[in-house]
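K.L.:
Next comes the structure file run35.pdb, holding PDB, C-alpha atoms, pLDDT in the B column.
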ATOM      1  CA  MET A   1     -10.832  19.832  25.674  1.00 76.00           C
ATOM      2  CA  ASN A   2      -8.606  19.024  28.651  1.00 89.00           C
ATOM      3  CA  ASP A   3      -5.823  16.444  28.537  1.00 90.00           C
ATOM      4  CA  MET A   4      -7.947  13.708  30.102  1.00 92.00           C
ATOM      5  CA  ASP A   5     -10.776  14.156  27.605  1.00 94.00           C
ATOM      6  CA  LEU A   6      -8.324  14.401  24.710  1.00 95.00           C
ATOM      7  CA  LYS A   7      -6.576  11.180  25.669  1.00 95.00           C
ATOM      8  CA  SER A   8      -9.892   9.385  26.116  1.00 96.00           C
ATOM      9  CA  TYR A   9     -10.997  10.483  22.624  1.00 95.00           C
ATOM     10  CA  LEU A  10      -7.696   9.448  21.042  1.00 96.00           C
ATOM     11  CA  LEU A  11      -7.728   6.059  22.778  1.00 96.00           C
ATOM     12  CA  GLU A  12     -11.154   5.431  21.229  1.00 96.00           C
ATOM     13  CA  GLU A  13      -9.754   6.275  17.786  1.00 96.00           C
ATOM     14  CA  GLU A  14      -6.818   3.943  18.414  1.00 95.00           C
ATOM     15  CA  GLN A  15      -9.193   1.024  19.018  1.00 93.00           C
ATOM     16  CA  LYS A  16     -11.357   1.489  15.927  1.00 90.00           C
ATOM     17  CA  SER A  17     -11.588  -1.658  13.805  1.00 86.00           C
ATOM     18  CA  PHE A  18      -9.853  -1.920  10.450  1.00 82.00           C
ATOM     19  CA  GLN A  19     -10.580  -4.417   7.648  1.00 71.00           C
ATOM     20  CA  GLY A  20      -9.007  -5.053   4.292  1.00 64.00           C
ATOM     21  CA  TRP A  21      -7.056  -1.986   3.233  1.00 70.00           C
ATOM     22  CA  ASP A  22     -10.017   0.303   3.638  1.00 77.00           C
ATOM     23  CA  PHE A  23      -9.499   3.793   5.056  1.00 88.00           C
ATOM     24  CA  SER A  24     -13.053   4.928   4.330  1.00 86.00           C
ATOM     25  CA  TYR A  25     -13.465   5.668   8.049  1.00 91.00           C
ATOM     26  CA  LEU A  26     -11.312   8.745   7.390  1.00 93.00           C
ATOM     27  CA  ASN A  27     -13.448  10.077   4.529  1.00 94.00           C
ATOM     28  CA  GLY A  28     -13.678  13.845   4.918  1.00 95.00           C
ATOM     29  CA  ARG A  29     -10.938  13.842   7.549  1.00 95.00           C
ATOM     30  CA  TRP A  30      -7.941  13.642   5.241  1.00 96.00           C
ATOM     31  CA  GLU A  31      -6.985  14.499   1.691  1.00 95.00           C
ATOM     32  CA  SER A  32      -4.237  13.182  -0.572  1.00 94.00           C
ATOM     33  CA  GLU A  33      -2.841  15.006  -3.555  1.00 95.00           C
ATOM     34  CA  CYS A  34      -3.478  13.082  -6.765  1.00 94.00           C
ATOM     35  CA  LEU A  35      -0.543  11.424  -8.477  1.00 96.00           C
ATOM     36  CA  SER A  36       0.290  12.432 -12.034  1.00 96.00           C
ATOM     37  CA  TRP A  37      -0.441   8.876 -13.179  1.00 97.00           C
ATOM     38  CA  ASP A  38      -3.426   6.563 -12.767  1.00 97.00           C
ATOM     39  CA  TYR A  39      -2.504   3.012 -11.732  1.00 97.00           C
ATOM     40  CA  THR A  40      -5.675   1.464 -13.140  1.00 97.00           C
ATOM     41  CA  GLU A  41      -5.326   3.303 -16.434  1.00 98.00           C
ATOM     42  CA  ILE A  42      -1.747   2.106 -16.844  1.00 98.00           C
ATOM     43  CA  LEU A  43      -2.451  -1.542 -16.102  1.00 97.00           C
ATOM     44  CA  ASN A  44      -5.501  -1.467 -18.401  1.00 98.00           C
ATOM     45  CA  HIS A  45      -3.177  -0.287 -21.178  1.00 98.00           C
ATOM     46  CA  TYR A  46      -1.385  -3.648 -20.969  1.00 98.00           C
ATOM     47  CA  ARG A  47      -4.275  -5.839 -19.788  1.00 98.00           C
ATOM     48  CA  ARG A  48      -6.318  -7.961 -22.186  1.00 98.00           C
ATOM     49  CA  ASP A  49      -9.530  -9.734 -21.230  1.00 98.00           C
ATOM     50  CA  THR A  50      -7.919 -13.043 -22.231  1.00 98.00           C
ATOM     51  CA  ASN A  51      -4.978 -12.591 -19.832  1.00 98.00           C
ATOM     52  CA  PHE A  52      -4.278 -14.850 -16.901  1.00 98.00           C
ATOM     53  CA  LEU A  53      -3.773 -12.151 -14.278  1.00 98.00           C
ATOM     54  CA  LEU A  54      -2.239 -12.275 -10.800  1.00 98.00           C
ATOM     55  CA  ASP A  55      -2.806  -9.504  -8.241  1.00 98.00           C
ATOM     56  CA  MET A  56      -0.155  -9.670  -5.521  1.00 98.00           C
ATOM     57  CA  GLY A  57      -1.133  -8.509  -2.043  1.00 96.00           C
ATOM     58  CA  THR A  58      -4.733  -7.880  -2.972  1.00 95.00           C
ATOM     59  CA  GLY A  59      -5.735  -6.655   0.499  1.00 90.00           C
ATOM     60  CA  GLY A  60      -9.426  -7.238   1.057  1.00 89.00           C
ATOM     61  CA  GLY A  61     -10.022  -7.807  -2.658  1.00 93.00           C
ATOM     62  CA  GLU A  62     -11.825  -4.497  -3.173  1.00 90.00           C
ATOM     63  CA  PHE A  63      -9.756  -3.390  -6.157  1.00 94.00           C
ATOM     64  CA  ILE A  64      -9.474  -6.629  -8.093  1.00 96.00           C
ATOM     65  CA  ALA A  65     -13.176  -7.484  -7.772  1.00 94.00           C
ATOM     66  CA  GLY A  66     -14.050  -4.177  -9.419  1.00 94.00           C
ATOM     67  CA  LEU A  67     -11.435  -4.257 -12.181  1.00 96.00           C
ATOM     68  CA  GLY A  68     -13.789  -5.801 -14.724  1.00 96.00           C
ATOM     69  CA  HIS A  69     -11.496  -8.712 -15.609  1.00 98.00           C
ATOM     70  CA  PRO A  70     -13.047 -12.165 -16.139  1.00 98.00           C
ATOM     71  CA  TYR A  71     -13.102 -13.732 -12.689  1.00 98.00           C
ATOM     72  CA  HIS A  72     -12.070 -17.215 -13.830  1.00 98.00           C
ATOM     73  CA  LEU A  73      -8.799 -15.772 -15.176  1.00 98.00           C
ATOM     74  CA  LEU A  74      -7.959 -13.964 -11.929  1.00 98.00           C
ATOM     75  CA  SER A  75      -5.693 -15.113  -9.112  1.00 98.00           C
ATOM     76  CA  VAL A  76      -4.700 -13.204  -5.997  1.00 98.00           C
ATOM     77  CA  THR A  77      -2.265 -13.561  -3.131  1.00 98.00           C
ATOM     78  CA  GLU A  78      -2.527 -12.161   0.383  1.00 96.00           C
ATOM     79  CA  GLY A  79      -0.303 -12.613   3.414  1.00 94.00           C
ATOM     80  CA  TRP A  80      -2.226 -10.982   6.265  1.00 88.00           C
ATOM     81  CA  GLN A  81      -4.571 -13.542   7.778  1.00 90.00           C
ATOM     82  CA  PRO A  82      -7.576 -11.243   8.389  1.00 88.00           C
ATOM     83  CA  ASN A  83      -7.422 -10.092   4.765  1.00 90.00           C
ATOM     84  CA  LEU A  84      -6.869 -13.643   3.534  1.00 94.00           C
ATOM     85  CA  LEU A  85     -10.093 -14.731   5.227  1.00 94.00           C
ATOM     86  CA  LEU A  86     -11.922 -11.777   3.703  1.00 93.00           C
ATOM     87  CA  CYS A  87     -10.645 -12.713   0.250  1.00 95.00           C
ATOM     88  CA  LYS A  88     -11.781 -16.298   0.633  1.00 96.00           C
ATOM     89  CA  GLU A  89     -15.227 -15.095   1.648  1.00 96.00           C
ATOM     90  CA  ARG A  90     -15.528 -12.412  -1.022  1.00 95.00           C
ATOM     91  CA  LEU A  91     -13.523 -13.628  -4.002  1.00 97.00           C
ATOM     92  CA  GLU A  92     -13.578 -17.418  -4.083  1.00 97.00           C
ATOM     93  CA  PRO A  93     -17.380 -17.563  -4.618  1.00 97.00           C
ATOM     94  CA  LEU A  94     -16.804 -15.429  -7.737  1.00 97.00           C
ATOM     95  CA  GLY A  95     -14.369 -17.974  -9.160  1.00 97.00           C
ATOM     96  CA  ILE A  96     -11.195 -16.054  -8.283  1.00 98.00           C
ATOM     97  CA  THR A  97      -8.268 -18.169  -7.055  1.00 98.00           C
ATOM     98  CA  VAL A  98      -7.010 -17.044  -3.626  1.00 98.00           C
ATOM     99  CA  LYS A  99      -3.665 -18.168  -2.204  1.00 97.00           C
ATOM    100  CA  TYR A 100      -1.615 -17.307   0.847  1.00 97.00           C
ATOM    101  CA  VAL A 101       1.806 -15.720   0.364  1.00 97.00           C
ATOM    102  CA  GLY A 102       4.364 -15.932   3.172  1.00 96.00           C
ATOM    103  CA  PRO A 103       7.112 -13.559   4.304  1.00 94.00           C
ATOM    104  CA  ASP A 104       9.486 -15.067   1.732  1.00 95.00           C
ATOM    105  CA  ASP A 105       7.178 -13.853  -1.111  1.00 97.00           C
ATOM    106  CA  SER A 106       7.172 -17.321  -2.674  1.00 97.00           C
ATOM    107  CA  LEU A 107       4.300 -17.666  -5.158  1.00 98.00           C
ATOM    108  CA  ASP A 108       2.363 -20.936  -5.130  1.00 97.00           C
ATOM    109  CA  TYR A 109       1.813 -21.005  -8.886  1.00 98.00           C
ATOM    110  CA  PRO A 110       3.499 -22.933 -11.708  1.00 97.00           C
ATOM    111  CA  ASP A 111       6.160 -21.491 -14.005  1.00 98.00           C
ATOM    112  CA  GLY A 112       4.862 -19.313 -16.840  1.00 98.00           C
ATOM    113  CA  ARG A 113       1.304 -19.207 -15.520  1.00 98.00           C
ATOM    114  CA  PHE A 114       0.450 -15.519 -16.021  1.00 98.00           C
ATOM    115  CA  ASP A 115       0.340 -12.980 -18.832  1.00 98.00           C
ATOM    116  CA  LEU A 116       0.184 -10.089 -16.383  1.00 98.00           C
ATOM    117  CA  VAL A 117       1.249  -9.706 -12.757  1.00 98.00           C
ATOM    118  CA  ILE A 118       0.147  -6.564 -10.945  1.00 98.00           C
ATOM    119  CA  ASN A 119       1.265  -5.375  -7.551  1.00 98.00           C
ATOM    120  CA  ARG A 120       0.156  -2.268  -5.709  1.00 96.00           C
ATOM    121  CA  HIS A 121       2.005  -1.555  -2.464  1.00 94.00           C
ATOM    122  CA  GLU A 122       3.085  -5.163  -1.832  1.00 95.00           C
ATOM    123  CA  SER A 123       6.540  -6.652  -1.374  1.00 95.00           C
ATOM    124  CA  PHE A 124       7.827  -9.044  -4.035  1.00 97.00           C
ATOM    125  CA  ASP A 125      10.637 -11.412  -4.890  1.00 98.00           C
ATOM    126  CA  ILE A 126      11.518 -10.493  -8.459  1.00 98.00           C
ATOM    127  CA  ARG A 127      12.773 -14.031  -9.144  1.00 98.00           C
ATOM    128  CA  GLU A 128       9.312 -15.366  -8.308  1.00 98.00           C
ATOM    129  CA  VAL A 129       7.584 -12.734 -10.434  1.00 98.00           C
ATOM    130  CA  TYR A 130       9.855 -13.619 -13.344  1.00 98.00           C
ATOM    131  CA  ARG A 131       9.204 -17.334 -12.846  1.00 98.00           C
ATOM    132  CA  VAL A 132       5.394 -17.172 -12.900  1.00 98.00           C
ATOM    133  CA  LEU A 133       5.238 -14.836 -15.909  1.00 98.00           C
ATOM    134  CA  LYS A 134       5.018 -16.126 -19.442  1.00 98.00           C
ATOM    135  CA  PRO A 135       7.775 -14.981 -21.845  1.00 98.00           C
ATOM    136  CA  GLY A 136       6.789 -11.480 -22.913  1.00 98.00           C
ATOM    137  CA  GLY A 137       4.488 -11.123 -19.914  1.00 98.00           C
ATOM    138  CA  TYR A 138       4.095  -7.827 -18.067  1.00 98.00           C
ATOM    139  CA  PHE A 139       4.809  -6.819 -14.476  1.00 98.00           C
ATOM    140  CA  ILE A 140       3.229  -3.586 -13.267  1.00 98.00           C
ATOM    141  CA  THR A 141       3.903  -2.386  -9.758  1.00 98.00           C
ATOM    142  CA  GLN A 142       3.147   0.771  -7.825  1.00 98.00           C
ATOM    143  CA  GLN A 143       5.152   0.942  -4.626  1.00 98.00           C
ATOM    144  CA  VAL A 144       5.230   2.993  -1.446  1.00 96.00           C
ATOM    145  CA  GLY A 145       8.716   4.488  -1.298  1.00 97.00           C
ATOM    146  CA  SER A 146      11.110   4.666   1.622  1.00 96.00           C
ATOM    147  CA  GLN A 147      10.324   8.315   2.415  1.00 96.00           C
ATOM    148  CA  ASN A 148       6.592   7.720   2.736  1.00 96.00           C
ATOM    149  CA  ASP A 149       4.922   9.414   5.744  1.00 96.00           C
ATOM    150  CA  ARG A 150       8.351  10.494   6.947  1.00 96.00           C
ATOM    151  CA  ALA A 151       7.169  13.952   7.989  1.00 95.00           C
ATOM    152  CA  LEU A 152       4.556  12.481  10.332  1.00 96.00           C
ATOM    153  CA  VAL A 153       6.838   9.686  11.556  1.00 97.00           C
ATOM    154  CA  GLU A 154       9.474  12.166  12.685  1.00 96.00           C
ATOM    155  CA  LYS A 155       6.912  14.355  14.444  1.00 96.00           C
ATOM    156  CA  LEU A 156       5.602  11.390  16.418  1.00 97.00           C
ATOM    157  CA  LEU A 157       8.655   9.146  16.875  1.00 96.00           C
ATOM    158  CA  GLY A 158      11.701  11.243  16.016  1.00 95.00           C
ATOM    159  CA  ASN A 159      14.403  10.430  13.481  1.00 94.00           C
ATOM    160  CA  ILE A 160      14.067   6.647  13.636  1.00 94.00           C
ATOM    161  CA  PRO A 161      15.725   4.462  10.952  1.00 92.00           C
ATOM    162  CA  LEU A 162      13.935   4.005   7.656  1.00 91.00           C
ATOM    163  CA  PRO A 163      12.390   0.510   7.477  1.00 88.00           C
ATOM    164  CA  PHE A 164      13.344   0.069   3.789  1.00 91.00           C
ATOM    165  CA  PRO A 165      15.991   2.718   2.991  1.00 94.00           C
ATOM    166  CA  ASN A 166      16.675   1.657  -0.618  1.00 95.00           C
ATOM    167  CA  HIS A 167      13.060   1.213  -1.651  1.00 97.00           C
ATOM    168  CA  ASP A 168      12.849   3.786  -4.429  1.00 98.00           C
ATOM    169  CA  LEU A 169      12.559   3.967  -8.204  1.00 98.00           C
ATOM    170  CA  MET A 170      16.283   3.929  -8.944  1.00 98.00           C
ATOM    171  CA  HIS A 171      17.037   0.777  -6.954  1.00 98.00           C
ATOM    172  CA  ASN A 172      13.945  -1.113  -8.117  1.00 98.00           C
ATOM    173  CA  ALA A 173      14.378  -0.237 -11.787  1.00 98.00           C
ATOM    174  CA  ALA A 174      17.941  -1.538 -11.599  1.00 98.00           C
ATOM    175  CA  LEU A 175      16.698  -4.700  -9.876  1.00 98.00           C
ATOM    176  CA  LEU A 176      14.203  -5.420 -12.649  1.00 98.00           C
ATOM    177  CA  GLN A 177      16.654  -4.690 -15.436  1.00 98.00           C
ATOM    178  CA  ASN A 178      19.200  -7.026 -13.865  1.00 98.00           C
ATOM    179  CA  SER A 179      16.568  -9.737 -13.463  1.00 98.00           C
ATOM    180  CA  GLY A 180      15.519 -10.144 -17.089  1.00 98.00           C
ATOM    181  CA  PHE A 181      12.993  -7.342 -17.533  1.00 98.00           C
ATOM    182  CA  THR A 182      12.786  -4.446 -19.964  1.00 98.00           C
ATOM    183  CA  ILE A 183      11.493  -1.251 -18.353  1.00 98.00           C
ATOM    184  CA  LEU A 184       8.609   0.241 -20.344  1.00 98.00           C
ATOM    185  CA  GLU A 185       7.456   3.011 -18.015  1.00 98.00           C
ATOM    186  CA  GLN A 186       8.814   4.444 -14.760  1.00 98.00           C
ATOM    187  CA  MET A 187       7.624   7.307 -12.575  1.00 98.00           C
ATOM    188  CA  GLU A 188       8.255   8.618  -9.059  1.00 98.00           C
ATOM    189  CA  GLU A 189       6.658  11.387  -7.011  1.00 97.00           C
ATOM    190  CA  MET A 190       6.488  12.923  -3.566  1.00 96.00           C
ATOM    191  CA  SER A 191       2.962  14.188  -2.984  1.00 96.00           C
ATOM    192  CA  GLN A 192       1.234  15.826  -0.034  1.00 96.00           C
ATOM    193  CA  MET A 193      -1.369  14.568   2.396  1.00 96.00           C
ATOM    194  CA  LYS A 194      -3.446  16.700   4.752  1.00 97.00           C
ATOM    195  CA  LEU A 195      -4.946  15.312   7.954  1.00 97.00           C
ATOM    196  CA  TYR A 196      -7.676  17.512   9.373  1.00 97.00           C
ATOM    197  CA  ASP A 197      -8.079  16.195  12.925  1.00 95.00           C
ATOM    198  CA  LEU A 198      -5.961  14.482  15.535  1.00 97.00           C
ATOM    199  CA  GLY A 199      -8.163  11.383  15.721  1.00 96.00           C
ATOM    200  CA  ALA A 200      -7.472  10.775  12.028  1.00 96.00           C
ATOM    201  CA  VAL A 201      -3.731  10.998  12.749  1.00 97.00           C
ATOM    202  CA  VAL A 202      -4.020   8.335  15.458  1.00 97.00           C
ATOM    203  CA  TYR A 203      -6.173   5.998  13.376  1.00 96.00           C
ATOM    204  CA  PHE A 204      -3.839   6.346  10.395  1.00 95.00           C
ATOM    205  CA  ALA A 205      -0.593   5.806  12.303  1.00 96.00           C
ATOM    206  CA  LYS A 206      -1.979   2.810  14.192  1.00 94.00           C
ATOM    207  CA  GLN A 207      -2.707   0.893  10.984  1.00 91.00           C
ATOM    208  CA  ILE A 208       0.751   1.334   9.419  1.00 91.00           C
ATOM    209  CA  GLN A 209       2.833  -0.286  12.113  1.00 89.00           C
ATOM    210  CA  TRP A 210       5.931  -0.869   9.971  1.00 90.00           C
ATOM    211  CA  GLU A 211       6.274   2.894   9.450  1.00 93.00           C
ATOM    212  CA  PHE A 212       5.163   3.843  12.966  1.00 96.00           C
ATOM    213  CA  PRO A 213       6.710   1.083  15.122  1.00 94.00           C
ATOM    214  CA  ASP A 214       5.590   1.073  18.760  1.00 91.00           C
ATOM    215  CA  PHE A 215       3.250   4.011  18.175  1.00 96.00           C
ATOM    216  CA  SER A 216       0.511   4.366  20.763  1.00 97.00           C
ATOM    217  CA  VAL A 217      -1.515   7.179  22.236  1.00 97.00           C
ATOM    218  CA  GLU A 218      -0.007   6.523  25.658  1.00 96.00           C
ATOM    219  CA  ARG A 219       3.562   6.585  24.397  1.00 96.00           C
ATOM    220  CA  CYS A 220       3.185   9.579  22.075  1.00 97.00           C
ATOM    221  CA  PHE A 221       0.636  11.683  23.933  1.00 97.00           C
ATOM    222  CA  GLU A 222       2.906  14.694  24.394  1.00 96.00           C
ATOM    223  CA  GLN A 223       3.807  14.699  20.690  1.00 97.00           C
ATOM    224  CA  LEU A 224       0.123  14.362  19.813  1.00 97.00           C
ATOM    225  CA  LYS A 225      -0.689  17.424  21.902  1.00 96.00           C
ATOM    226  CA  GLU A 226       1.878  19.387  19.901  1.00 96.00           C
ATOM    227  CA  LEU A 227       0.288  18.203  16.658  1.00 97.00           C
ATOM    228  CA  LYS A 228      -3.097  19.322  17.971  1.00 95.00           C
ATOM    229  CA  GLU A 229      -1.731  22.843  18.265  1.00 95.00           C
ATOM    230  CA  GLU A 230      -0.452  22.690  14.690  1.00 94.00           C
ATOM    231  CA  ILE A 231      -3.873  21.570  13.456  1.00 96.00           C
ATOM    232  CA  ASN A 232      -5.550  24.346  15.454  1.00 95.00           C
ATOM    233  CA  GLN A 233      -3.264  26.935  13.857  1.00 95.00           C
ATOM    234  CA  LYS A 234      -3.263  25.710  10.227  1.00 95.00           C
ATOM    235  CA  GLY A 235      -6.488  23.725  10.023  1.00 96.00           C
ATOM    236  CA  TYR A 236      -4.592  20.605   9.017  1.00 97.00           C
ATOM    237  CA  LEU A 237      -1.423  18.591   9.530  1.00 96.00           C
ATOM    238  CA  LEU A 238       0.808  18.209   6.495  1.00 95.00           C
ATOM    239  CA  ASN A 239       2.291  14.808   5.676  1.00 96.00           C
ATOM    240  CA  ASN A 240       4.102  13.380   2.629  1.00 96.00           C
ATOM    241  CA  GLU A 241       3.523  10.367   0.387  1.00 97.00           C
ATOM    242  CA  HIS A 242       6.289   8.709  -1.642  1.00 97.00           C
ATOM    243  CA  ARG A 243       5.145   6.650  -4.640  1.00 98.00           C
ATOM    244  CA  PHE A 244       6.834   5.113  -7.658  1.00 98.00           C
ATOM    245  CA  LEU A 245       5.557   2.986 -10.521  1.00 98.00           C
ATOM    246  CA  ILE A 246       7.259   0.604 -12.939  1.00 98.00           C
ATOM    247  CA  ALA A 247       5.793  -1.201 -15.935  1.00 98.00           C
ATOM    248  CA  ALA A 248       8.143  -3.885 -17.272  1.00 98.00           C
ATOM    249  CA  ARG A 249       8.153  -6.809 -19.688  1.00 98.00           C
ATOM    250  CA  LYS A 250       9.815 -10.169 -19.227  1.00 98.00           C
ATOM    251  CA  ARG A 251      12.514 -10.595 -21.843  1.00 95.00           C
TER
END
Starting from the file, give its structure as C-alpha cells.

P.N.:
Amino acid sequence: MNDMDLKSYLLEEEQKSFQGWDFSYLNGRWESECLSWDYTEILNHYRRDTNFLLDMGTGGGEFIAGLGHPYHLLSVTEGWQPNLLLCKERLEPLGITVKYVGPDDSLDYPDGRFDLVINRHESFDIREVYRVLKPGGYFITQQVGSQNDRALVEKLLGNIPLPFPNHDLMHNAALLQNSGFTILEQMEEMSQMKLYDLGAVVYFAKQIQWEFPDFSVERCFEQLKELKEEINQKGYLLNNEHRFLIAARKR
C-alpha cells in the first residue's frame, strides 16, 4: 500500500461514527489484558436490590441497563450531549432517571438520596458524592489512571504533558479518606493492550481526545507510518492501560 492509499484508508477510519462508549467496531482488531478484579463483581458485593443507586457518567447506558437492578431505583448522570440523548431514548422509557452533569460535577439530586453511588471512568467531585450518599452508603469507582495509553500517546504526539498527573490510587485514596470515607478495598494495575492494525490505532486515538489532543491523520501521518512498520514486524502494537479501583463507605 503506497502512502496515498494508506492515508486515504486511515482518513476513512478517522471519520467512522462513534456512539455511547462502544468500541465494538474494533472487535477482533485489539485485545486488552484482563484486570485482576471484576468491577461488576465488586459492586454486586455491596449492591442490594432495594438500594437507590446512582451511576455517574453512564455513557450510552449499556452497562447500567444490563446490571439487573430494579429500574425504578436507578438514576444516571451523563455530561456528553450525544450520550445524554441516547440515555433519554434508551433508559427513561424503562423508568430510569436520567440527568445532565456539567463540568463542575455538581449532582442534581437531594442530600442523602442514594445507598450506592458507582462510577466507572468518570470524573467526580467527592464533596458531591458524599452529599448525595446516605450515612453508611457506598461509593465504588474504577478510574483510568494518569499513565493510561501513555506508550501510544508518546509514539504519536511525543512527550506531551499528562492531562491529569496526580490521578492515581494514592492521591484518590487520600482524597476519600480526608473527605469522610473509610476505604474498604483498593487496587491498581498497569495492564497491556495490543492493537492489530493501524486503522484501529486511528479510530481509538480519535475517540479519546483528552489523551490524544490535536491528533489527526494529517498531523501524525509520519508517526503512523512508523507504527505501521512496527505492526508489520511484530503483528501488533503494544499499548498500556492504567486502572485503579476504590470501594469506600461514607462515615

K.L.:
From the list A:Asn240, A:Asn159, A:Thr141, A:Asn148, which residue is nearest Leu184 (chain A) when using all atoms listed in the file?

P.N.:
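Checking each candidate against Leu184 (chain A), we get A:Thr141 as the closest.
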
K.L.:
Just say which residues the PyMOL selection byres ((chain A and resi 173) around 10) picks in this file, as a CSV table (one decimal) with C-alpha atoms, in the frame of the given file.

P.N.:
chain,number,residue,atom,x,y,z
A,168,ASP,CA,12.8,3.8,-4.4
A,169,LEU,CA,12.6,4.0,-8.2
A,170,MET,CA,16.3,3.9,-8.9
A,171,HIS,CA,17.0,0.8,-7.0
A,172,ASN,CA,13.9,-1.1,-8.1
A,174,ALA,CA,17.9,-1.5,-11.6
A,175,LEU,CA,16.7,-4.7,-9.9
A,176,LEU,CA,14.2,-5.4,-12.6
A,177,GLN,CA,16.7,-4.7,-15.4
A,178,ASN,CA,19.2,-7.0,-13.9
A,179,SER,CA,16.6,-9.7,-13.5
A,181,PHE,CA,13.0,-7.3,-17.5
A,182,THR,CA,12.8,-4.4,-20.0
A,183,ILE,CA,11.5,-1.3,-18.4
A,185,GLU,CA,7.5,3.0,-18.0
A,186,GLN,CA,8.8,4.4,-14.8
A,245,LEU,CA,5.6,3.0,-10.5
A,246,ILE,CA,7.3,0.6,-12.9
A,247,ALA,CA,5.8,-1.2,-15.9
A,248,ALA,CA,8.1,-3.9,-17.3

K.L.:
At a cut-off of 6 Å, using all atoms listed in the file, what residues contact region 45-60 of chain A? Leave out same-chain residues fewer than 2 positions from it and give the result as a VMD selection string.

P.N.:
chain A and resid 20 to 21 42 to 43 62 73 to 78 83 86 to 87 114 to 119 122

K.L.:
Report, in Å with one decimal, the straight-line distance from CA of Glu12 (chain A) to CA of Val217 (chain A).

P.N.:
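According to the coordinates, CA of Glu12 (chain A) and CA of Val217 (chain A) are separated by 9.8 Å.
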
K.L.:
Name the closest residue to Val201 (chain A) among the candidates A:Trp80, A:Phe215, A:Tyr109, A:Tyr130; distances are taken between atoms, counting all atoms listed in the file.

P.N.:
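Once distances to Val201 (chain A) are computed over all atoms listed in the file, the minimum belongs to A:Phe215.
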
K.L.:
Counting all atoms listed in the file, which residue out of A:Arg131, A:Glu31, A:Pro161, A:Leu10 sits closest to Cys220 (chain A)?

P.N.:
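The answer is A:Leu10, which sits nearest to Cys220 (chain A).
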
K.L.:
What separation in Å, quoted to one decimal, exists between CA of Lys206 (chain A) and CA of Leu11 (chain A)?

P.N.:
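Distance between the two atoms: 10.8 Å.
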
K.L.:
Please measure the separation of CA of Lys234 (chain A) and CA of Cys34 (chain A), giving the value in Å to one decimal.

P.N.:
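CA of Cys34 (chain A) lies at a distance of 21.2 Å from CA of Lys234 (chain A).
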
K.L.:
On this structure, which residues satisfy the PyMOL selection byres ((chain A and resi 113) around 7), written as a list in words?

P.N.:
Tyr109, Pro110, Asp111, Gly112, Phe114, Val132, Leu133 and Lys134 of chain A

K.L.:
Excluding Lys194 (chain A) and any residue of its chain fewer than 2 positions from it, enumerate the residues within 6 Å of it, using only C-alpha atoms, and give them as a PyMOL selection string.

P.N.:
chain A and resi 30-31+236-238

K.L.:
Go through A:Arg90, A:Ile140, A:Tyr71, A:Asn2 and flag the residue nearest Glu41 (chain A), using only C-alpha atoms for the distances.

P.N.:
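For Glu41 (chain A), the nearest of the candidates is A:Ile140.
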
K.L.:
Identify the residues within 10 Å of coordinate (-0.5, 8.8, -12.9) (same frame as the file), considering all atoms listed in the file, and give the answer as a PyMOL selection string.

P.N.:
chain A and resi 34-42+187-189+244-245

K.L.:
So which residues touch Ala205 (chain A) within 9 Å, counting only C-alpha atoms, skipping near sequence neighbours fewer than 2 positions away, as a list of chain:residue names?

P.N.:
A:Glu14, A:Leu152, A:Val153, A:Ala200, A:Val201, A:Val202, A:Tyr203, A:Gln207, A:Ile208, A:Gln209, A:Glu211, A:Phe212, A:Phe215, A:Ser216
